[in-house]
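*Asks:* Sharing data11.txt (compact mmCIF, C-alpha atoms) below.
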# COMPACT_ATOMS: atom_id res chain seq x y z
CA MET D 1003 18.50 132.52 30.56
CA ALA D 1004 15.45 130.51 29.69
CA ASP D 1005 17.26 128.35 27.17
CA GLU D 1006 20.18 127.47 29.38
CA MET D 1007 18.37 125.06 31.64
CA LYS D 1008 15.64 122.65 30.62
CA MET D 1009 13.81 120.83 33.38
CA ARG D 1010 11.11 118.25 33.68
CA ALA D 1011 9.62 116.74 36.82
CA THR D 1012 7.02 113.98 36.77
CA MET D 1013 5.60 111.74 39.46
CA LEU D 1014 6.97 108.22 39.37
CA GLY D 1015 4.85 106.40 41.91
CA GLU D 1016 5.57 108.07 45.25
CA VAL D 1017 8.57 110.05 44.08
CA ALA D 1018 9.12 112.97 41.74
CA ASP D 1019 11.56 112.12 38.95
CA VAL D 1020 13.45 115.28 38.00
CA LYS D 1021 15.55 115.71 34.88
CA VAL D 1022 17.75 118.75 34.33
CA ARG D 1023 19.68 119.59 31.19
CA MET D 1024 21.98 122.58 31.27
CA THR D 1025 23.53 124.15 28.19
CA HIS D 1026 27.23 124.51 28.86
CA PHE D 1027 30.33 123.63 26.90
CA MET D 1028 32.13 122.07 29.93
CA GLU D 1029 35.59 122.90 28.60
CA THR D 1030 38.13 120.62 30.30
CA GLY D 1031 41.27 122.67 29.93
CA ALA D 1032 42.95 119.75 28.14
CA ARG D 1033 41.87 120.72 24.63
CA LYS D 1034 44.03 122.78 22.33
CA ASP D 1035 42.76 125.56 20.12
CA PRO D 1036 43.39 124.21 16.61
CA LYS D 1037 44.36 127.70 15.36
CA THR D 1038 46.78 128.80 18.05
CA GLY D 1039 47.89 125.42 19.41
CA LYS D 1040 47.36 126.79 22.91
CA LEU D 1041 45.33 125.06 25.60
CA ILE D 1042 41.77 126.34 25.98
CA PRO D 1043 41.29 127.25 29.65
CA PRO D 1044 38.84 125.15 31.68
CA HIS D 1045 35.29 126.45 31.82
CA PHE D 1046 32.69 124.24 33.45
CA ILE D 1047 29.70 124.23 35.80
CA ASP D 1048 31.10 123.25 39.18
CA GLN D 1049 28.15 123.51 41.58
CA VAL D 1050 24.48 122.69 41.29
CA VAL D 1051 21.89 122.99 44.06
CA ALA D 1052 18.29 121.81 43.76
CA THR D 1053 15.45 122.71 46.12
CA LEU D 1054 11.92 121.36 46.54
CA ASN D 1055 9.56 124.07 47.79
CA GLY D 1056 12.60 125.99 49.04
CA LYS D 1057 14.27 123.09 50.89
CA THR D 1058 17.59 121.83 49.54
CA VAL D 1059 17.39 118.26 48.26
CA LEU D 1060 20.54 117.97 46.15
CA ASP D 1061 23.88 119.72 46.48
CA ALA D 1062 26.25 118.69 43.72
CA GLN D 1063 29.86 119.47 42.98
CA MET D 1064 31.06 118.70 39.49
CA GLY D 1065 34.43 118.60 37.76
CA ILE D 1066 35.62 118.71 34.17
CA ALA D 1067 34.65 115.08 33.61
CA VAL D 1068 30.92 115.79 33.51
CA ALA D 1069 29.84 115.61 29.87
CA ARG D 1070 29.06 118.68 27.77
CA ASN D 1071 25.57 120.09 28.34
CA PRO D 1072 25.39 118.51 31.80
CA PHE D 1073 22.43 116.28 32.55
CA ILE D 1074 21.36 115.49 36.09
CA GLY D 1075 18.54 113.17 36.99
CA PHE D 1076 17.45 112.91 40.63
CA ARG D 1077 14.40 111.80 42.62
CA VAL D 1078 12.56 113.27 45.60
CA LYS D 1079 10.20 111.48 47.97
CA GLY D 1080 7.16 113.22 49.35
CA ALA D 1081 6.78 115.55 46.40
CA LYS D 1082 3.35 116.02 44.87
CA PRO D 1083 2.01 117.52 41.66
CA GLY D 1084 2.20 121.31 41.81
CA ASP D 1085 5.33 121.40 43.99
CA LYS D 1086 8.10 123.69 42.80
CA ILE D 1087 11.62 122.52 42.08
CA VAL D 1088 14.32 125.15 41.58
CA VAL D 1089 17.86 124.49 40.37
CA ASN D 1090 20.69 126.98 40.77
CA ALA D 1091 24.07 126.39 39.19
CA VAL D 1092 27.32 128.30 38.88
CA ASP D 1093 30.38 127.74 36.71
CA ASN D 1094 34.05 128.16 37.60
CA LEU D 1095 34.05 131.70 36.18
CA GLY D 1096 31.14 132.70 38.41
CA THR D 1097 28.37 132.71 35.78
CA LYS D 1098 25.06 131.73 37.34
CA PHE D 1099 22.28 129.67 35.83
CA SER D 1100 18.90 128.84 37.19
CA GLY D 1101 15.72 127.09 36.25
CA GLU D 1102 12.49 126.00 37.84
CA VAL D 1103 9.73 123.53 37.13
CA THR D 1104 6.45 122.48 38.64
CA VAL D 1105 6.03 118.79 39.39
CA ALA D 1106 3.53 117.29 36.96
CA ALA D 1107 1.21 114.37 37.58
CA ARG D 1108 1.96 111.42 35.41
CA MET O 935 50.68 119.79 59.95
CA ASP O 936 49.02 118.81 56.71
CA GLN O 937 45.67 118.80 58.49
CA LEU O 938 46.31 122.31 59.81
CA ARG O 939 47.22 123.59 56.38
CA ARG O 940 44.06 122.16 54.86
CA ALA O 941 41.89 123.66 57.57
CA PHE O 942 43.56 127.01 57.00
CA LEU O 943 43.13 126.86 53.23
CA LYS O 944 39.51 125.86 53.66
CA SER O 945 38.67 128.64 56.11
CA THR O 946 40.44 131.39 54.17
CA GLY O 947 38.94 130.15 50.93
CA MET O 948 35.44 130.22 52.36
CA ALA O 949 35.90 133.65 53.91
CA GLY O 950 37.06 134.99 50.56
CA VAL O 951 34.04 133.68 48.75
CA VAL O 952 31.59 135.05 51.29
CA VAL O 953 33.19 138.50 51.26
CA VAL O 954 33.09 138.63 47.47
CA ALA O 955 29.50 137.42 47.40
CA ILE O 956 28.32 139.99 49.94
CA GLY O 957 30.38 142.72 48.33
CA SER O 958 28.79 142.23 44.96
CA GLY O 959 25.31 141.82 46.42
CA LEU O 960 24.92 138.32 45.06
CA LEU O 961 23.84 136.67 48.27
CA LYS O 962 20.10 136.24 48.14
CA SER O 963 18.18 133.66 50.11
CA GLY O 964 17.54 130.50 48.15
CA GLU O 965 20.44 131.19 45.84
CA VAL O 966 23.21 130.35 48.24
CA LEU O 967 25.46 127.55 47.12
CA ALA O 968 26.30 126.13 50.51
CA ALA O 969 29.64 124.41 50.10
CA THR O 970 32.85 125.63 48.55
CA TRP O 971 34.04 123.66 45.56
CA ASN O 972 36.38 120.87 46.70
CA LYS O 973 39.33 121.82 44.52
CA LEU O 974 41.70 119.49 46.35
CA ALA O 975 39.59 116.42 45.50
CA PHE O 976 38.78 117.47 41.94
CA THR O 977 42.45 118.10 41.11
CA SER O 978 43.81 114.94 42.76
CA SER O 979 45.48 112.88 40.05
CA ASN O 980 45.14 109.40 41.48
CA LEU O 981 42.12 107.51 42.70
CA ALA O 982 43.25 106.95 46.29
CA ASP O 983 43.98 110.66 46.86
CA ALA O 984 40.81 111.77 45.08
CA MET O 985 38.69 109.44 47.24
CA LYS O 986 40.45 110.48 50.44
CA ASN O 987 40.17 114.20 49.66
CA ALA O 988 36.50 113.85 48.76
CA ASN O 989 35.92 112.24 52.18
CA TYR O 990 35.47 108.67 50.90
CA GLY O 991 38.78 107.35 52.23
CA GLY O 992 38.90 103.76 53.51
CA ALA O 993 35.67 102.83 51.72
CA THR O 994 34.55 99.21 52.00
CA GLU O 995 33.16 97.29 49.02
CA SER O 996 29.37 97.06 48.99
CA LYS O 997 27.02 95.19 46.71
CA ASP O 998 24.21 97.46 47.87
CA ILE O 999 25.37 100.05 45.37
CA VAL O 1000 23.61 99.55 42.04
CA ILE O 1001 25.55 100.90 39.07
CA THR O 1002 24.09 101.05 35.58
CA VAL O 1003 26.71 101.84 32.94
CA PRO O 1004 27.19 100.56 29.39
CA ASP O 1005 29.71 97.71 28.96
CA ILE O 1006 31.06 99.46 25.90
CA ALA O 1007 30.88 103.20 25.25
CA GLU O 1008 31.41 104.17 21.66
CA ASN O 1009 31.97 107.76 22.64
CA GLY O 1010 33.89 108.54 25.82
CA ALA O 1011 32.69 112.16 25.70
CA SER O 1012 29.27 111.16 27.00
CA VAL O 1013 28.89 107.99 29.04
CA PRO O 1014 25.64 107.50 30.97
CA VAL O 1015 26.00 106.61 34.66
CA GLU O 1016 22.99 105.74 36.79
CA VAL O 1017 23.48 104.93 40.46
CA THR O 1018 21.15 103.84 43.24
CA SER O 1019 22.39 103.29 46.77
CA ASN O 1020 20.44 100.75 48.81
CA ILE O 1021 22.60 101.42 51.85
CA PRO O 1022 20.40 102.85 54.63
CA GLY O 1023 21.21 106.43 55.60
CA THR O 1024 22.98 107.29 52.34
CA THR O 1025 23.90 110.98 52.30
CA SER O 1026 26.05 111.26 49.20
CA ILE O 1027 27.15 109.53 46.00
CA ALA O 1028 30.36 110.33 44.12
CA ILE O 1029 31.52 109.18 40.69
CA PHE O 1030 35.19 108.48 39.99
CA VAL O 1031 36.78 107.39 36.70
CA GLU O 1032 39.95 105.57 37.72
CA LYS O 1033 41.95 106.32 34.57
CA ASN O 1034 40.91 109.91 33.98
CA ILE O 1035 43.67 112.47 34.60
CA THR O 1036 41.65 113.66 37.59
CA PRO O 1037 39.45 110.74 38.70
CA LEU O 1038 36.69 112.61 40.57
CA ALA O 1039 33.88 113.47 38.13
CA ALA O 1040 31.12 114.60 40.47
CA ASP O 1041 29.92 114.39 44.07
CA PHE O 1042 26.20 114.55 44.88
CA GLU O 1043 24.96 115.26 48.40
CA PHE O 1044 21.37 114.43 49.29
CA SER O 1045 19.24 116.09 51.93
CA ASN O 1046 15.65 116.21 53.14
CA ASP O 1047 13.55 113.85 51.01
CA ALA O 1048 15.98 113.19 48.16
CA VAL O 1049 16.23 109.57 47.04
CA PRO O 1050 19.84 108.24 46.99
CA TYR O 1051 19.77 108.04 43.21
CA ILE O 1052 21.62 109.95 40.52
CA TYR O 1053 21.70 109.85 36.74
CA THR O 1054 24.29 111.79 34.77
CA PHE O 1055 26.65 111.65 31.80
CA ILE O 1056 30.43 111.72 32.19
CA LYS O 1057 33.58 111.96 30.06
CA MET O 1058 36.04 109.06 29.95
CA GLY O 1059 39.49 109.38 28.41
CA GLN O 1060 39.92 105.64 27.96
CA THR O 1061 38.65 102.24 29.09
CA SER O 1062 38.45 102.35 32.88
CA GLN O 1063 36.70 101.27 36.01
CA VAL O 1064 33.91 103.66 36.92
CA ARG O 1065 34.07 103.71 40.70
CA ILE O 1066 31.14 104.84 42.79
CA ALA O 1067 31.59 105.92 46.39
CA VAL O 1068 28.77 106.32 48.88
CA ARG O 1069 28.64 107.91 52.32
CA ALA O 1070 26.10 106.49 54.69
CA GLY O 1071 25.89 106.83 58.45
CA GLY O 1072 29.34 108.38 58.58
CA LYS O 1073 30.97 105.48 56.73
CA ALA O 1074 32.21 105.15 53.16
CA TYR O 1075 31.28 102.37 50.74
CA THR O 1076 32.36 101.69 47.18
CA LEU O 1077 31.79 99.56 44.10
CA SER O 1078 33.06 99.78 40.53
CA LYS O 1079 32.18 98.63 37.06
CA GLU O 1080 34.33 98.65 33.93
CA VAL O 1081 33.36 100.63 30.85
CA LYS O 1082 35.25 99.94 27.62
CA VAL O 1083 35.77 103.13 25.65
CA THR O 1084 36.45 103.00 21.93
CA ILE O 1085 36.89 106.78 21.39
CA GLY O 1086 38.18 108.86 24.31
CA GLY O 1087 36.46 112.03 25.42
CA CYS O 1088 38.92 114.12 27.36
CA GLY O 1089 41.34 115.59 24.83
CA GLY O 1090 41.12 117.31 21.46
Write the structure described by the file as structure tokens, please.
*Replies:*
Amino acid sequence: MADEMKMRATMLGEVADVKVRMTHFMETGARKDPKTGKLIPPHFIDQVVATLNGKTVLDAQMGIAVARNPFIGFRVKGAKPGDKIVVNAVDNLGTKFSGEVTVAAR
Amino acid sequence: MDQLRRAFLKSTGMAGVVVVAIGSGLLKSGEVLAATWNKLAFTSSNLADAMKNANYGGATESKDIVITVPDIAENGASVPVEVTSNIPGTTSIAIFVEKNITPLAADFEFSNDAVPYIYTFIKMGQTSQVRIAVRAGGKAYTLSKEVKVTIGGCGG
């Protein structure tokens, strides 16, 4: 699953600036299959949890209106270079995704 | 009555998820997604209901919410939204698109040392107010900004 989540975390002054890009189609359920004319069922990442050194810092719930290949940028105080940030995500069909990154000095 | 029904749905829904998770051996420490997905809020089809169901009902306007969105989005399928809350004690930030079929786009809850800041990309079906809601110290605050969309991003 290495390609499904790309992460970067760099120090921005006193805080760690974390960027996460997940590869997911984020199907809304409102699109029709051009061949069959039937609606394509919704398929989207609905929960994302980020931890810093094992402690939860962000707990996100997402709907169909998050853009394809979801991007989340967030910031954490008190982080330092070498700290570990882990992101776990799950979509509405139960598929799990995860990624981790070490905070880099600027 | 309604309250009771919601509590019931919530508790049974949660129990179901936990049983399934334990049953399939998926529950490992550090991988637990704490909350159940707020289906009620995400499927609400008007802004007032979506905000109420996401626990941002009765929000008061606040200029301490800083919203960075483009004035005009050429492509509604990917509109950048950057939000900082300067309200002390902010615990969560939610993004609503007033004219989307279901207005709630995402709800971000902060804990421990997270900064009340979020940057993401959303889909917009048409020109609309992008409304941000913030919870801080048990109260709800809100502010919105309009984004003009030239090509919608929610249909086919």
*Asks:* Please identify all polymer residues within 9 Å of Trp971 of chain O, counting only C-alpha atoms, omitting same-chain residues fewer than 3 positions from it, and present them as a ChimeraX atom specification.
*Replies:* /D:1048-1049,1063-1064 /O:974,976
*Asks:* Please determine, counting only C-alpha atoms, which residue among O:Asn1034, O:Thr1025, O:Thr1018, O:Ser1045 has the shortest atom-to-atom distance to chain D.
*Replies:*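 The shortest atom-to-atom distance to chain D comes from O:Ser1045.
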*Asks:* Between atom CA of Phe1099 of chain D and atom CA of Pro1043 of chain D, what distance in Å does the model show, to one decimal?
*Replies:*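 Spanning atom CA of Phe1099 of chain D to atom CA of Pro1043 of chain D is a straight-line distance of 20.1 Å.
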*Asks:* Counting only C-alpha atoms, which residues of chain D come no farther than 9 Å from chain O, as a PyMOL selection string?
*Replies:* chain D and resi 1017+1021+1030-1036+1048-1051+1053-1054+1056-1070+1072-1081+1090-1092
*Asks:* How many Å separate atom CA of Met1007 of chain D from atom CA of Val1068 of chain O?
*Replies:*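 A separation of 27.5 Å between them.
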*Asks:* Between O:Ala1067, O:Ser1062, O:Gly1072, O:Ser978, which residue has the minimum interatomic distance to Asp1005 of chain O, considering all atoms listed in the file?
*Replies:*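 Using all atoms listed in the file, Asp1005 of chain O sits closest to O:Ser1062.
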*Asks:* Taking 6 positions as the minimum chain separation for residues in the same chain, which residues sit within 9 Å of His1026 of chain D when counting all atoms listed in the file? Answer as a PyMOL selection string.
*Replies:* chain D and resi 1006+1045-1047+1070-1072
*Asks:* Restrict the selected residues to C-alpha atoms and save them as a short mmCIF file (atom, residue, chain, number, x, y, z; two decimals), in the frame of the given file.
*Replies:*
data_model
loop_
_atom_site.label_atom_id
_atom_site.label_comp_id
_atom_site.auth_asym_id
_atom_site.auth_seq_id
_atom_site.Cartn_x
_atom_site.Cartn_y
_atom_site.Cartn_z
CA GLU D 1006 20.18 127.47 29.38
CA HIS D 1045 35.29 126.45 31.82
CA PHE D 1046 32.69 124.24 33.45
CA ILE D 1047 29.70 124.23 35.80
CA ARG D 1070 29.06 118.68 27.77
CA ASN D 1071 25.57 120.09 28.34
CA PRO D 1072 25.39 118.51 31.80
#
*Asks:* Between atom CA of Ala993 of chain O and atom CA of Val1015 of chain O, what distance in Å does the model show, to one decimal?
*Replies:*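 Straight-line distance from atom CA of Ala993 of chain O to atom CA of Val1015 of chain O works out to 20.0 Å.
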*Asks:* Taking into account only C-alpha atoms, which residue in the set O:Val1000, O:Val1083, O:Ala1070, O:Val1064 is nearest to Leu981 of chain O?
*Replies:*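 That would be O:Val1064, the residue with the smallest distance to Leu981 of chain O.
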